[in-house]
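Novice: Take this structure, written in structure tokens, and hold onto it; I'll ask about it next.
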Amino acid sequence: MNYTNEAVLESLRRAQYRQVPWPRRPRVFEFLRERGLISTARQPSLLLPGYHAPVDIAVLSTQGKTELGRLERRALLPEWPVERELRYTCDEAGS
């Protein structure tokens, strides 16, 4: 799959705030997981009466946090309007 720099940046932001239950993840999350940028973590059930099953949620890995910072810095540059539409490549994650 091909994803833009902007799609990757927005997905990493969503994972940063633990907003995405893994069963409801967008396809881009599989792409990010394959590259080691996100993983899953078990979120405890709510403190409400009755049984609430724990939920796996998407979370940033250490490499994902680094990549989020890199993309956020790039987003501040004057070139970002062009770069955000470019295809995200996995070799960028290592730089």
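Naming scheme: A, B, ... for chains in displayed order of the structure tokens; residues 1 onward per chain; ligands 1 onward as shown.
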As a PDB file with N, CA and C atoms, in the first residue's frame, please: the residues near region 14-29 of chain A (cut-off 6 Å, only C-alpha atoms, same-chain neighbours under 5 positions excluded).

Specialist:
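Heads up, here's the output in part.pdb:
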ATOM      1  N   ASP A  56      -7.457  -4.016  23.060  1.00  0.00           N
ATOM      2  CA  ASP A  56      -6.130  -3.739  22.515  1.00  0.00           C
ATOM      3  C   ASP A  56      -6.200  -2.437  21.740  1.00  0.00           C
ATOM      4  N   ILE A  57      -5.261  -1.551  22.021  1.00  0.00           N
ATOM      5  CA  ILE A  57      -5.222  -0.268  21.326  1.00  0.00           C
ATOM      6  C   ILE A  57      -3.864  -0.077  20.665  1.00  0.00           C
ATOM      7  N   ALA A  58      -3.838   0.767  19.662  1.00  0.00           N
ATOM      8  CA  ALA A  58      -2.592   1.079  18.958  1.00  0.00           C
ATOM      9  C   ALA A  58      -1.796   2.077  19.796  1.00  0.00           C
ATOM     10  N   VAL A  59      -0.503   1.813  19.930  1.00  0.00           N
ATOM     11  CA  VAL A  59       0.395   2.711  20.661  1.00  0.00           C
ATOM     12  C   VAL A  59       1.682   2.891  19.855  1.00  0.00           C
ATOM     13  N   LEU A  60       2.320   4.023  20.053  1.00  0.00           N
ATOM     14  CA  LEU A  60       3.579   4.292  19.366  1.00  0.00           C
ATOM     15  C   LEU A  60       4.720   3.496  19.976  1.00  0.00           C
TER      16      LEU A  60
END

Novice: Give me, as JSON, numbers by chain, the residues of chain A that a backbone DSSP run labels strand (DSSP E or B).

Specialist: {"A": [4, 21, 38, 39, 40, 41, 42, 43, 55, 56, 57, 58, 59, 60, 87]}

Novice: Grab the residues selected above and save them as a PDB file, in the first residue's frame with C-alpha atoms.

Specialist:
ATOM      1  CA  THR A   4       1.318   9.856   1.916  1.00  0.00           C
ATOM      2  CA  PRO A  21      -8.899   0.388  19.306  1.00  0.00           C
ATOM      3  CA  ILE A  38       3.271   1.201  16.248  1.00  0.00           C
ATOM      4  CA  SER A  39       2.306  -1.832  18.271  1.00  0.00           C
ATOM      5  CA  THR A  40      -0.633  -2.823  20.432  1.00  0.00           C
ATOM      6  CA  ALA A  41      -1.157  -2.614  24.161  1.00  0.00           C
ATOM      7  CA  ARG A  42      -3.918  -4.003  26.326  1.00  0.00           C
ATOM      8  CA  GLN A  43      -5.986  -1.221  27.847  1.00  0.00           C
ATOM      9  CA  VAL A  55      -9.306  -3.659  24.577  1.00  0.00           C
ATOM     10  CA  ASP A  56      -6.130  -3.739  22.515  1.00  0.00           C
ATOM     11  CA  ILE A  57      -5.222  -0.268  21.326  1.00  0.00           C
ATOM     12  CA  ALA A  58      -2.592   1.079  18.958  1.00  0.00           C
ATOM     13  CA  VAL A  59       0.395   2.711  20.661  1.00  0.00           C
ATOM     14  CA  LEU A  60       3.579   4.292  19.366  1.00  0.00           C
ATOM     15  CA  ARG A  87       4.444   8.775  -0.926  1.00  0.00           C
TER      16      ARG A  87
END

Novice: Please extract the residues of region 8-71 of chain A with a backbone DSSP assignment of alpha helix (DSSP H) and present them as a list in words.

Specialist: Val8, Leu9, Glu10, Ser11, Leu12, Arg13, Arg14, Ala15, Gln16, Arg27, Val28, Phe29, Glu30, Phe31, Leu32, Arg33, Glu34, Thr62, Gln63, Gly64, Lys65, Thr66, Glu67, Leu68, Gly69, Arg70 and Leu71 of chain A

Novice: At a cut-off of 12 Å, using only C-alpha atoms, what residues contact Leu68 (chain A)? Leave out same-chain residues fewer than 5 positions from it and give the result as a PDB file with N, CA and C atoms, in the first residue's frame.

Specialist:
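Saved to around17.pdb:
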ATOM      1  N   ASN A   5       2.915  11.098   3.220  1.00  0.00           N
ATOM      2  CA  ASN A   5       3.545  11.569   4.456  1.00  0.00           C
ATOM      3  C   ASN A   5       2.489  12.110   5.412  1.00  0.00           C
ATOM      4  N   GLU A   6       1.501  12.801   4.878  1.00  0.00           N
ATOM      5  CA  GLU A   6       0.448  13.374   5.711  1.00  0.00           C
ATOM      6  C   GLU A   6      -0.391  12.284   6.391  1.00  0.00           C
ATOM      7  N   ALA A   7      -0.724  11.214   5.665  1.00  0.00           N
ATOM      8  CA  ALA A   7      -1.504  10.121   6.243  1.00  0.00           C
ATOM      9  C   ALA A   7      -0.730   9.436   7.368  1.00  0.00           C
ATOM     10  N   VAL A   8       0.565   9.246   7.167  1.00  0.00           N
ATOM     11  CA  VAL A   8       1.398   8.622   8.194  1.00  0.00           C
ATOM     12  C   VAL A   8       1.487   9.534   9.418  1.00  0.00           C
ATOM     13  N   LEU A   9       1.704  10.815   9.201  1.00  0.00           N
ATOM     14  CA  LEU A   9       1.782  11.761  10.311  1.00  0.00           C
ATOM     15  C   LEU A   9       0.492  11.758  11.126  1.00  0.00           C
ATOM     16  N   GLU A  10      -0.650  11.841  10.461  1.00  0.00           N
ATOM     17  CA  GLU A  10      -1.929  11.866  11.178  1.00  0.00           C
ATOM     18  C   GLU A  10      -2.182  10.551  11.925  1.00  0.00           C
ATOM     19  N   SER A  11      -1.796   9.445  11.342  1.00  0.00           N
ATOM     20  CA  SER A  11      -1.980   8.153  12.008  1.00  0.00           C
ATOM     21  C   SER A  11      -1.083   8.022  13.229  1.00  0.00           C
ATOM     22  N   LEU A  12       0.141   8.482  13.121  1.00  0.00           N
ATOM     23  CA  LEU A  12       1.038   8.453  14.286  1.00  0.00           C
ATOM     24  C   LEU A  12       0.508   9.357  15.397  1.00  0.00           C
ATOM     25  N   ARG A  13      -0.071  10.482  15.034  1.00  0.00           N
ATOM     26  CA  ARG A  13      -0.668  11.369  16.050  1.00  0.00           C
ATOM     27  C   ARG A  13      -1.821  10.673  16.755  1.00  0.00           C
ATOM     28  N   ARG A  14      -2.661   9.981  15.996  1.00  0.00           N
ATOM     29  CA  ARG A  14      -3.792   9.263  16.608  1.00  0.00           C
ATOM     30  C   ARG A  14      -3.305   8.176  17.555  1.00  0.00           C
ATOM     31  N   ALA A  15      -2.277   7.451  17.145  1.00  0.00           N
ATOM     32  CA  ALA A  15      -1.739   6.395  18.003  1.00  0.00           C
ATOM     33  C   ALA A  15      -1.092   6.979  19.262  1.00  0.00           C
ATOM     34  N   GLN A  16      -0.503   8.173  19.121  1.00  0.00           N
ATOM     35  CA  GLN A  16       0.145   8.821  20.264  1.00  0.00           C
ATOM     36  C   GLN A  16      -0.851   9.057  21.397  1.00  0.00           C
ATOM     37  N   LEU A  32       2.014   0.742   9.303  1.00  0.00           N
ATOM     38  CA  LEU A  32       2.905   1.284  10.340  1.00  0.00           C
ATOM     39  C   LEU A  32       3.406   0.183  11.280  1.00  0.00           C
ATOM     40  N   LEU A  37       6.586   1.031  13.709  1.00  0.00           N
ATOM     41  CA  LEU A  37       6.279   2.365  14.234  1.00  0.00           C
ATOM     42  C   LEU A  37       5.171   2.344  15.279  1.00  0.00           C
ATOM     43  N   ILE A  38       4.307   1.344  15.228  1.00  0.00           N
ATOM     44  CA  ILE A  38       3.271   1.201  16.248  1.00  0.00           C
ATOM     45  C   ILE A  38       3.171  -0.270  16.639  1.00  0.00           C
ATOM     46  N   LEU A  60       2.320   4.023  20.053  1.00  0.00           N
ATOM     47  CA  LEU A  60       3.579   4.292  19.366  1.00  0.00           C
ATOM     48  C   LEU A  60       4.720   3.496  19.976  1.00  0.00           C
ATOM     49  N   SER A  61       5.572   2.982  19.135  1.00  0.00           N
ATOM     50  CA  SER A  61       6.814   2.375  19.600  1.00  0.00           C
ATOM     51  C   SER A  61       7.836   3.499  19.779  1.00  0.00           C
ATOM     52  N   THR A  62       8.992   3.178  20.286  1.00  0.00           N
ATOM     53  CA  THR A  62      10.053   4.179  20.411  1.00  0.00           C
ATOM     54  C   THR A  62      10.418   4.729  19.038  1.00  0.00           C
ATOM     55  N   GLN A  63      10.532   3.846  18.072  1.00  0.00           N
ATOM     56  CA  GLN A  63      10.830   4.284  16.703  1.00  0.00           C
ATOM     57  C   GLN A  63       9.689   5.147  16.152  1.00  0.00           C
ATOM     58  N   ARG A  73       8.400  17.994  12.620  1.00  0.00           N
ATOM     59  CA  ARG A  73       9.366  19.048  12.266  1.00  0.00           C
ATOM     60  C   ARG A  73       9.298  19.365  10.777  1.00  0.00           C
ATOM     61  N   ARG A  74       9.156  18.325   9.949  1.00  0.00           N
ATOM     62  CA  ARG A  74       9.043  18.532   8.497  1.00  0.00           C
ATOM     63  C   ARG A  74       7.782  19.336   8.171  1.00  0.00           C
ATOM     64  N   ALA A  75       6.713  19.097   8.924  1.00  0.00           N
ATOM     65  CA  ALA A  75       5.441  19.777   8.666  1.00  0.00           C
ATOM     66  C   ALA A  75       5.527  21.282   8.906  1.00  0.00           C
ATOM     67  N   GLU A  92      12.629   6.327   4.910  1.00  0.00           N
ATOM     68  CA  GLU A  92      12.588   7.604   5.619  1.00  0.00           C
ATOM     69  C   GLU A  92      12.535   7.391   7.114  1.00  0.00           C
ATOM     70  N   ALA A  93      11.917   6.302   7.550  1.00  0.00           N
ATOM     71  CA  ALA A  93      11.788   6.036   8.979  1.00  0.00           C
ATOM     72  C   ALA A  93      13.140   5.858   9.644  1.00  0.00           C
TER      73      ALA A  93
END

Novice: Calculated over only C-alpha atoms, which of the candidates A:Gly36, A:Pro44, A:Tyr88, A:Gly50 has the smallest distance to Leu71 (chain A)?

Specialist: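 Ranked by minimum distance to Leu71 (chain A), first place goes to A:Tyr88.
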
Novice: So what do you get for CA of Arg33 (chain A) versus CA of Glu85 (chain A), distance-wise?

Specialist: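 CA of Glu85 (chain A) lies 21.1 Å from CA of Arg33 (chain A).
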
Novice: Can you tell me how far CA of Glu83 (chain A) sits from CA of Arg70 (chain A), in Å to one decimal?

Specialist: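 Separating CA of Glu83 (chain A) from CA of Arg70 (chain A) is a distance of 12.9 Å.
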